[in-house]
file input-v1.csv (CSV, C-alpha atoms)
chain,number,residue,atom,x,y,z
B,6,MET,CA,0.0,0.0,0.0
B,7,SER,CA,3.0,2.3,-0.5
B,8,GLU,CA,1.3,4.2,-3.2
B,9,TYR,CA,-1.5,5.1,-0.8
B,10,ARG,CA,-1.7,7.3,2.3
B,11,SER,CA,-1.0,4.8,5.0
B,12,TYR,CA,0.4,4.3,8.5
B,13,THR,CA,2.7,1.5,9.7
B,14,GLU,CA,3.6,0.1,13.1
B,15,HIS,CA,6.0,-2.7,14.0
B,16,MET,CA,5.0,-5.2,16.7
B,17,THR,CA,6.3,-8.4,18.2
B,18,VAL,CA,3.9,-11.4,18.7
B,19,LEU,CA,3.5,-11.8,22.4
B,20,ASP,CA,3.7,-15.2,24.1
B,21,GLY,CA,0.4,-14.6,25.8
B,22,ASP,CA,-1.3,-13.9,22.4
B,23,SER,CA,-0.1,-17.2,20.9
B,24,ASP,CA,-2.1,-20.5,20.7
B,25,PHE,CA,-1.1,-24.2,21.0
B,26,ARG,CA,0.6,-24.0,17.6
B,27,ARG,CA,2.8,-21.2,18.9
B,28,CYS,CA,1.2,-18.9,16.4
B,29,LEU,CA,-0.8,-15.6,16.9
B,30,LYS,CA,-4.4,-16.2,17.8
B,31,PRO,CA,-6.8,-14.8,15.2
B,32,SER,CA,-8.5,-12.7,17.9
B,33,ALA,CA,-5.2,-11.2,18.9
B,34,LEU,CA,-4.4,-10.3,15.3
B,35,PHE,CA,-7.7,-8.4,15.2
B,36,ARG,CA,-6.6,-6.6,18.4
B,37,TYR,CA,-3.3,-5.6,16.9
B,38,VAL,CA,-5.2,-4.3,13.9
B,39,GLU,CA,-7.6,-2.4,16.1
B,40,GLN,CA,-4.6,-0.8,17.9
B,41,VAL,CA,-2.8,0.3,14.8
B,42,SER,CA,-6.1,1.7,13.5
B,43,ALA,CA,-6.6,3.8,16.6
B,44,ASP,CA,-3.0,4.9,16.6
B,45,HIS,CA,-3.4,6.0,12.9
B,46,ALA,CA,-6.4,8.1,13.8
B,47,ARG,CA,-4.6,9.7,16.9
B,48,ALA,CA,-1.6,10.5,14.7
B,49,TYR,CA,-3.9,12.8,12.7
B,50,GLY,CA,-5.4,14.4,15.8
B,51,MET,CA,-8.5,12.1,16.2
B,52,ASP,CA,-8.2,11.3,19.9
B,53,HIS,CA,-10.8,10.9,22.6
B,54,ALA,CA,-11.2,14.7,22.9
B,55,PHE,CA,-11.7,15.0,19.2
B,56,PHE,CA,-14.6,12.6,19.1
B,57,LYS,CA,-16.1,13.8,22.3
B,58,GLU,CA,-16.2,17.4,21.0
B,59,ARG,CA,-18.0,16.2,17.9
B,60,HIS,CA,-20.4,13.8,19.7
B,61,SER,CA,-19.3,11.0,17.4
B,62,ALA,CA,-17.5,7.7,17.4
B,63,PHE,CA,-16.3,5.0,15.0
B,64,LEU,CA,-17.9,1.5,15.2
B,65,VAL,CA,-17.0,-1.7,13.4
B,66,GLY,CA,-19.9,-3.0,11.3
B,67,LYS,CA,-18.2,-6.0,9.7
B,68,GLN,CA,-14.7,-7.2,8.9
B,69,ALA,CA,-13.0,-10.1,7.1
B,70,LEU,CA,-9.6,-11.8,7.5
B,71,ARG,CA,-7.5,-13.7,5.1
B,72,VAL,CA,-4.4,-15.6,6.4
B,73,TRP,CA,-1.6,-16.9,4.3
B,74,ARG,CA,0.6,-17.7,7.2
B,75,MET,CA,-0.2,-16.8,10.8
B,76,PRO,CA,2.8,-15.1,12.4
B,77,GLY,CA,4.6,-17.1,15.1
B,78,ARG,CA,5.4,-16.5,18.7
B,79,ALA,CA,8.1,-13.8,19.1
B,80,GLU,CA,8.0,-13.0,15.4
B,81,LYS,CA,8.4,-9.3,14.4
B,82,ILE,CA,5.7,-8.1,12.1
B,83,ALA,CA,4.7,-4.9,10.4
B,84,LEU,CA,1.1,-3.7,10.2
B,85,THR,CA,0.4,-1.2,7.5
B,86,THR,CA,-3.1,0.4,7.5
B,87,ALA,CA,-4.9,2.7,5.1
B,88,CYS,CA,-8.6,3.8,4.9
B,89,GLU,CA,-10.9,5.2,2.2
B,90,THR,CA,-13.3,8.1,2.3
B,91,PHE,CA,-16.8,7.3,3.5
B,92,LYS,CA,-19.0,5.6,0.9
B,93,LYS,CA,-22.7,4.7,1.5
B,94,GLY,CA,-22.2,5.3,5.2
B,95,THR,CA,-19.1,3.1,5.7
B,96,MET,CA,-15.3,3.5,5.6
B,97,LYS,CA,-13.2,0.7,4.3
B,98,ARG,CA,-9.9,0.2,6.2
B,99,LEU,CA,-7.3,-2.3,4.9
B,100,THR,CA,-4.5,-3.5,7.1
B,101,THR,CA,-1.7,-5.7,5.7
B,102,ILE,CA,0.5,-7.8,8.0
B,103,THR,CA,3.9,-8.6,6.7
B,104,SER,CA,7.0,-10.3,8.0
B,105,GLU,CA,10.5,-8.7,8.5
B,106,THR,CA,11.4,-10.0,5.0
B,107,GLY,CA,8.3,-8.5,3.4
B,108,GLU,CA,6.3,-11.7,3.2
B,109,LYS,CA,2.6,-11.0,3.1
B,110,LEU,CA,1.1,-12.9,6.1
B,111,ALA,CA,-2.5,-11.7,6.4
B,112,LEU,CA,-5.0,-9.0,5.3
B,113,VAL,CA,-7.8,-7.5,7.3
B,114,ASP,CA,-10.6,-5.7,5.6
B,115,CYS,CA,-12.6,-3.7,8.2
B,116,ARG,CA,-15.7,-1.6,7.5
B,117,TRP,CA,-16.2,1.2,9.9
B,118,MET,CA,-19.3,3.4,10.6
B,119,ALA,CA,-19.5,6.8,12.1
B,120,VAL,CA,-22.2,7.3,14.7
B,121,ASP,CA,-23.8,10.3,16.4
B,122,THR,CA,-23.4,9.4,20.1
B,123,GLU,CA,-26.0,11.9,21.2
B,124,ALA,CA,-28.7,11.0,18.7
B,125,GLY,CA,-27.7,7.3,18.7
B,126,ARG,CA,-27.8,7.0,14.9
B,127,ILE,CA,-25.5,6.1,12.1
B,128,LEU,CA,-24.1,9.0,10.1
B,129,ARG,CA,-23.9,8.7,6.3
B,130,THR,CA,-20.9,11.0,6.4
B,131,PRO,CA,-19.2,12.1,9.6
B,132,GLY,CA,-19.5,15.9,8.9
B,133,TRP,CA,-15.8,16.5,9.5
B,134,ASN,CA,-12.7,16.0,7.4
B,135,THR,CA,-9.1,15.3,8.3
B,136,PRO,CA,-6.7,16.2,5.5
B,137,ASP,CA,-4.4,13.5,4.2
B,138,PHE,CA,-5.9,10.8,6.4
B,139,GLN,CA,-8.1,8.9,3.8
B,140,ASN,CA,-7.7,7.7,0.3
B,141,ASP,CA,-10.3,8.1,-2.5
B,142,ASP,CA,-10.2,4.5,-3.3
B,143,LEU,CA,-8.5,1.2,-2.1
B,144,PRO,CA,-9.1,-1.4,-4.9
B,145,GLU,CA,-8.2,-4.5,-2.8
B,146,GLU,CA,-11.0,-6.0,-0.6
B,147,LEU,CA,-12.1,-9.3,1.0
B,148,PRO,CA,-15.5,-10.9,0.6
B,149,GLN,CA,-17.8,-9.8,3.5
B,150,ILE,CA,-20.4,-12.5,3.0
B,151,VAL,CA,-21.4,-14.7,5.9
B,152,HIS,CA,-22.6,-18.1,4.6
B,153,LYS,CA,-25.5,-19.1,6.8
B,154,SER,CA,-26.5,-22.6,7.4
B,155,GLN,CA,-29.1,-24.8,9.1
B,156,PRO,CA,-29.7,-26.8,11.3
B,157,LEU,CA,-27.9,-25.1,14.1
B,158,THR,CA,-26.2,-26.9,17.0
B,159,ALA,CA,-26.3,-25.2,20.4
B,160,ALA,CA,-22.8,-24.4,21.8
B,161,GLY,CA,-23.7,-22.9,25.1
B,162,GLU,CA,-23.8,-19.4,26.5
B,163,ARG,CA,-21.1,-16.8,27.0
B,164,ARG,CA,-21.4,-14.1,29.5
B,165,ALA,CA,-19.8,-10.7,28.8
B,166,SER,CA,-17.5,-10.8,31.8
B,167,TYR,CA,-15.1,-8.1,32.8
B,168,SER,CA,-12.1,-9.6,31.0
B,169,MET,CA,-14.0,-9.8,27.7
B,170,CYS,CA,-15.2,-6.2,27.7
B,171,ASP,CA,-13.4,-3.1,26.3
B,172,LEU,CA,-13.4,0.6,27.0
B,173,ASN,CA,-17.0,0.8,25.6
B,174,GLY,CA,-18.3,-1.6,28.3
B,175,HIS,CA,-19.2,-4.4,25.9
B,176,ILE,CA,-17.5,-7.5,24.4
B,177,ASN,CA,-14.6,-6.4,22.3
B,178,ASN,CA,-15.0,-7.0,18.5
B,179,SER,CA,-11.9,-9.2,18.3
B,180,LEU,CA,-13.1,-11.6,21.0
B,181,TYR,CA,-16.0,-12.8,18.9
B,182,LEU,CA,-13.5,-14.8,16.9
B,183,ASP,CA,-12.5,-16.6,20.2
B,184,ILE,CA,-16.2,-17.2,20.9
B,185,ALA,CA,-16.7,-18.6,17.4
B,186,CYS,CA,-13.6,-20.9,17.6
B,187,ASP,CA,-14.6,-22.1,21.1
B,188,ALA,CA,-18.0,-23.0,19.8
B,189,LEU,CA,-16.8,-25.4,17.1
B,190,PRO,CA,-15.8,-29.0,17.7
B,191,GLN,CA,-12.3,-29.2,19.1
B,192,GLU,CA,-11.1,-31.4,16.3
B,193,VAL,CA,-12.0,-28.7,13.7
B,194,VAL,CA,-9.6,-26.1,15.3
B,195,GLU,CA,-7.0,-28.7,16.0
B,196,ALA,CA,-6.9,-30.0,12.4
B,197,ALA,CA,-5.8,-26.8,10.7
B,198,PRO,CA,-5.3,-23.1,11.4
B,199,LEU,CA,-7.8,-20.5,10.5
B,200,SER,CA,-7.4,-19.3,6.9
B,201,PHE,CA,-10.4,-17.0,6.4
B,202,ALA,CA,-13.1,-15.4,8.6
B,203,SER,CA,-15.9,-12.9,7.9
B,204,ILE,CA,-17.9,-11.5,10.7
B,205,LYS,CA,-20.9,-9.1,11.0
B,206,TYR,CA,-21.7,-7.3,14.3
B,207,HIS,CA,-25.4,-6.8,14.7
B,208,ARG,CA,-25.9,-5.9,18.4
B,209,GLU,CA,-23.4,-5.2,21.1
B,210,VAL,CA,-23.3,-7.5,24.2
B,211,PRO,CA,-22.9,-5.2,27.3
B,212,MET,CA,-20.9,-6.3,30.3
B,213,GLY,CA,-23.0,-8.6,32.5
B,214,GLN,CA,-25.3,-9.8,29.7
B,215,SER,CA,-25.0,-13.1,27.8
B,216,VAL,CA,-24.9,-14.4,24.3
B,217,GLN,CA,-26.2,-17.8,23.2
B,218,VAL,CA,-24.0,-19.4,20.6
B,219,PHE,CA,-24.9,-21.9,17.8
B,220,TYR,CA,-22.9,-23.4,14.9
B,221,ALA,CA,-23.4,-25.4,11.7
B,222,PRO,CA,-21.2,-26.6,8.8
B,223,SER,CA,-21.5,-24.2,5.9
B,224,LYS,CA,-20.1,-24.1,2.3
B,225,GLU,CA,-16.4,-24.9,2.8
B,226,GLY,CA,-16.3,-23.9,6.4
B,227,TRP,CA,-18.5,-23.2,9.5
B,228,TYR,CA,-21.2,-20.8,10.4
B,229,VAL,CA,-21.4,-19.4,13.9
B,230,LEU,CA,-24.3,-17.4,15.3
B,231,GLY,CA,-24.6,-15.5,18.6
B,232,ARG,CA,-28.0,-14.4,19.9
B,233,ARG,CA,-28.8,-11.9,22.6
B,234,GLU,CA,-32.4,-11.6,23.8
B,235,GLU,CA,-33.5,-13.7,20.8
B,236,HIS,CA,-31.9,-11.3,18.3
B,237,ALA,CA,-28.6,-11.8,16.3
B,238,ALA,CA,-25.7,-10.2,18.1
B,239,PHE,CA,-23.1,-11.5,15.6
B,240,GLU,CA,-22.7,-13.9,12.7
B,241,CYS,CA,-19.4,-15.4,11.6
B,242,TYR,CA,-18.2,-17.6,8.8
B,243,LEU,CA,-14.8,-19.4,9.2
B,244,GLU,CA,-12.6,-21.6,7.0
B,245,PHE,CA,-9.6,-23.6,8.1
B,246,GLY,CA,-6.7,-24.2,5.9
B,247,GLU,CA,-3.7,-26.6,5.6
B,248,PRO,CA,-2.0,-27.6,8.9
B,249,VAL,CA,0.9,-25.3,9.9
B,250,THR,CA,4.3,-26.8,9.2
B,251,GLU,CA,6.9,-27.3,11.8
B,252,SER,CA,9.3,-25.1,9.9
B,253,LEU,CA,7.0,-22.1,10.5
B,254,GLN,CA,6.9,-22.6,14.2
B,255,LYS,CA,9.2,-20.9,16.7

call {"tool": "encode", "arguments": {"input": "input-v1.csv", "output": "structure tokens"}}
result
Amino acid sequence: MSEYRSYTEHMTVLDGDSDFRRCLKPSALFRYVEQVSADHARAYGMDHAFFKERHSAFLVGKQALRVWRMPGRAEKIALTTACETFKKGTMKRLTTITSETGEKLALVDCRWMAVDTEAGRILRTPGWNTPDFQNDDLPEELPQIVHKSQPLTAAGERRASYSMCDLNGHINNSLYLDIACDALPQEVVEAAPLSFASIKYHREVPMGQSVQVFYAPSKEGWYVLGRREEHAAFECYLEFGEPVTESLQK
């Protein structure tokens, strides 16, 4: 994305963010992307005070993840993020994760919405502009379709506990990938690492409330649904790829 206005940070995969394969957990990758996105905005003056003054906020509506190779424990990675201008009420943000040698490891395509925090409504355009922050167009994108399926198998209930909630007081967007992977049969996540995920966020799950989780095989992967008060809170579609090779582990 060098030809576009972008922002890059370098990170090291933490031991505590790694799974049994000694690779970065998908939810942790989403958290890293969330962090570099926030840092990008702050670098252009869009901090907490900026949004508070304008009675607005960014919310994630949906996002997708493609993984070619999940970075391993202690691996140094670069996250380069760039965003588009708002179109039809959403802003596309692409974040590319690369290795120290420039190997493309993963891509996250996140669609953000601007909301009026006083009126409680989505804004078609935010009403303010930050020079040199956005791009007119980013041609690359990932499919955002969630392939639904029936019949559903119940996978229990998850309570929005303290450790799962973020500064907004509800389950952090990244953790729905943990909920989805936890819902699937263990042999599915043991057989191969996650290669693709698309997720839609319908209703937040505030701290103290619960979400009922269901799953079903779908297309070439798995469909996971979370319901709060009989309404969809999130929907997710996941595909699992080839098993990670020993040479890629640290």

call {"tool": "atom_distance", "arguments": {"input": "input-v1.csv", "atom1": "atom CA of B:Ile102", "atom2": "atom CA of B:Val38"}}
result
8.9 Å

call {"tool": "residues_around", "arguments": {"input": "input-v1.csv", "residues": "stretch 88-99 of chain B", "least_positions_apart": "5", "cutoff": "12 Å", "atoms": "all atoms listed in the file", "output": "ChimeraX atom specification"}}
result
/B:6,9-13,35,38-39,41-43,45-46,63-71,111-120,126-147,149

call {"tool": "closest_residue", "arguments": {"input": "input-v1.csv", "among": "B:Gly125, B:Gly231, B:Gly226, B:Pro148", "to": "B:Gly161", "atoms": "only C-alpha atoms"}}
result
B:Gly231

call {"tool": "atom_distance", "arguments": {"input": "input-v1.csv", "atom1": "atom CA of B:Asp121", "atom2": "atom CA of B:Ala48"}}
result
22.3 Å

call {"tool": "atom_distance", "arguments": {"input": "input-v1.csv", "atom1": "atom CA of B:Phe239", "atom2": "atom CA of B:Ile204"}}
result
7.1 Å
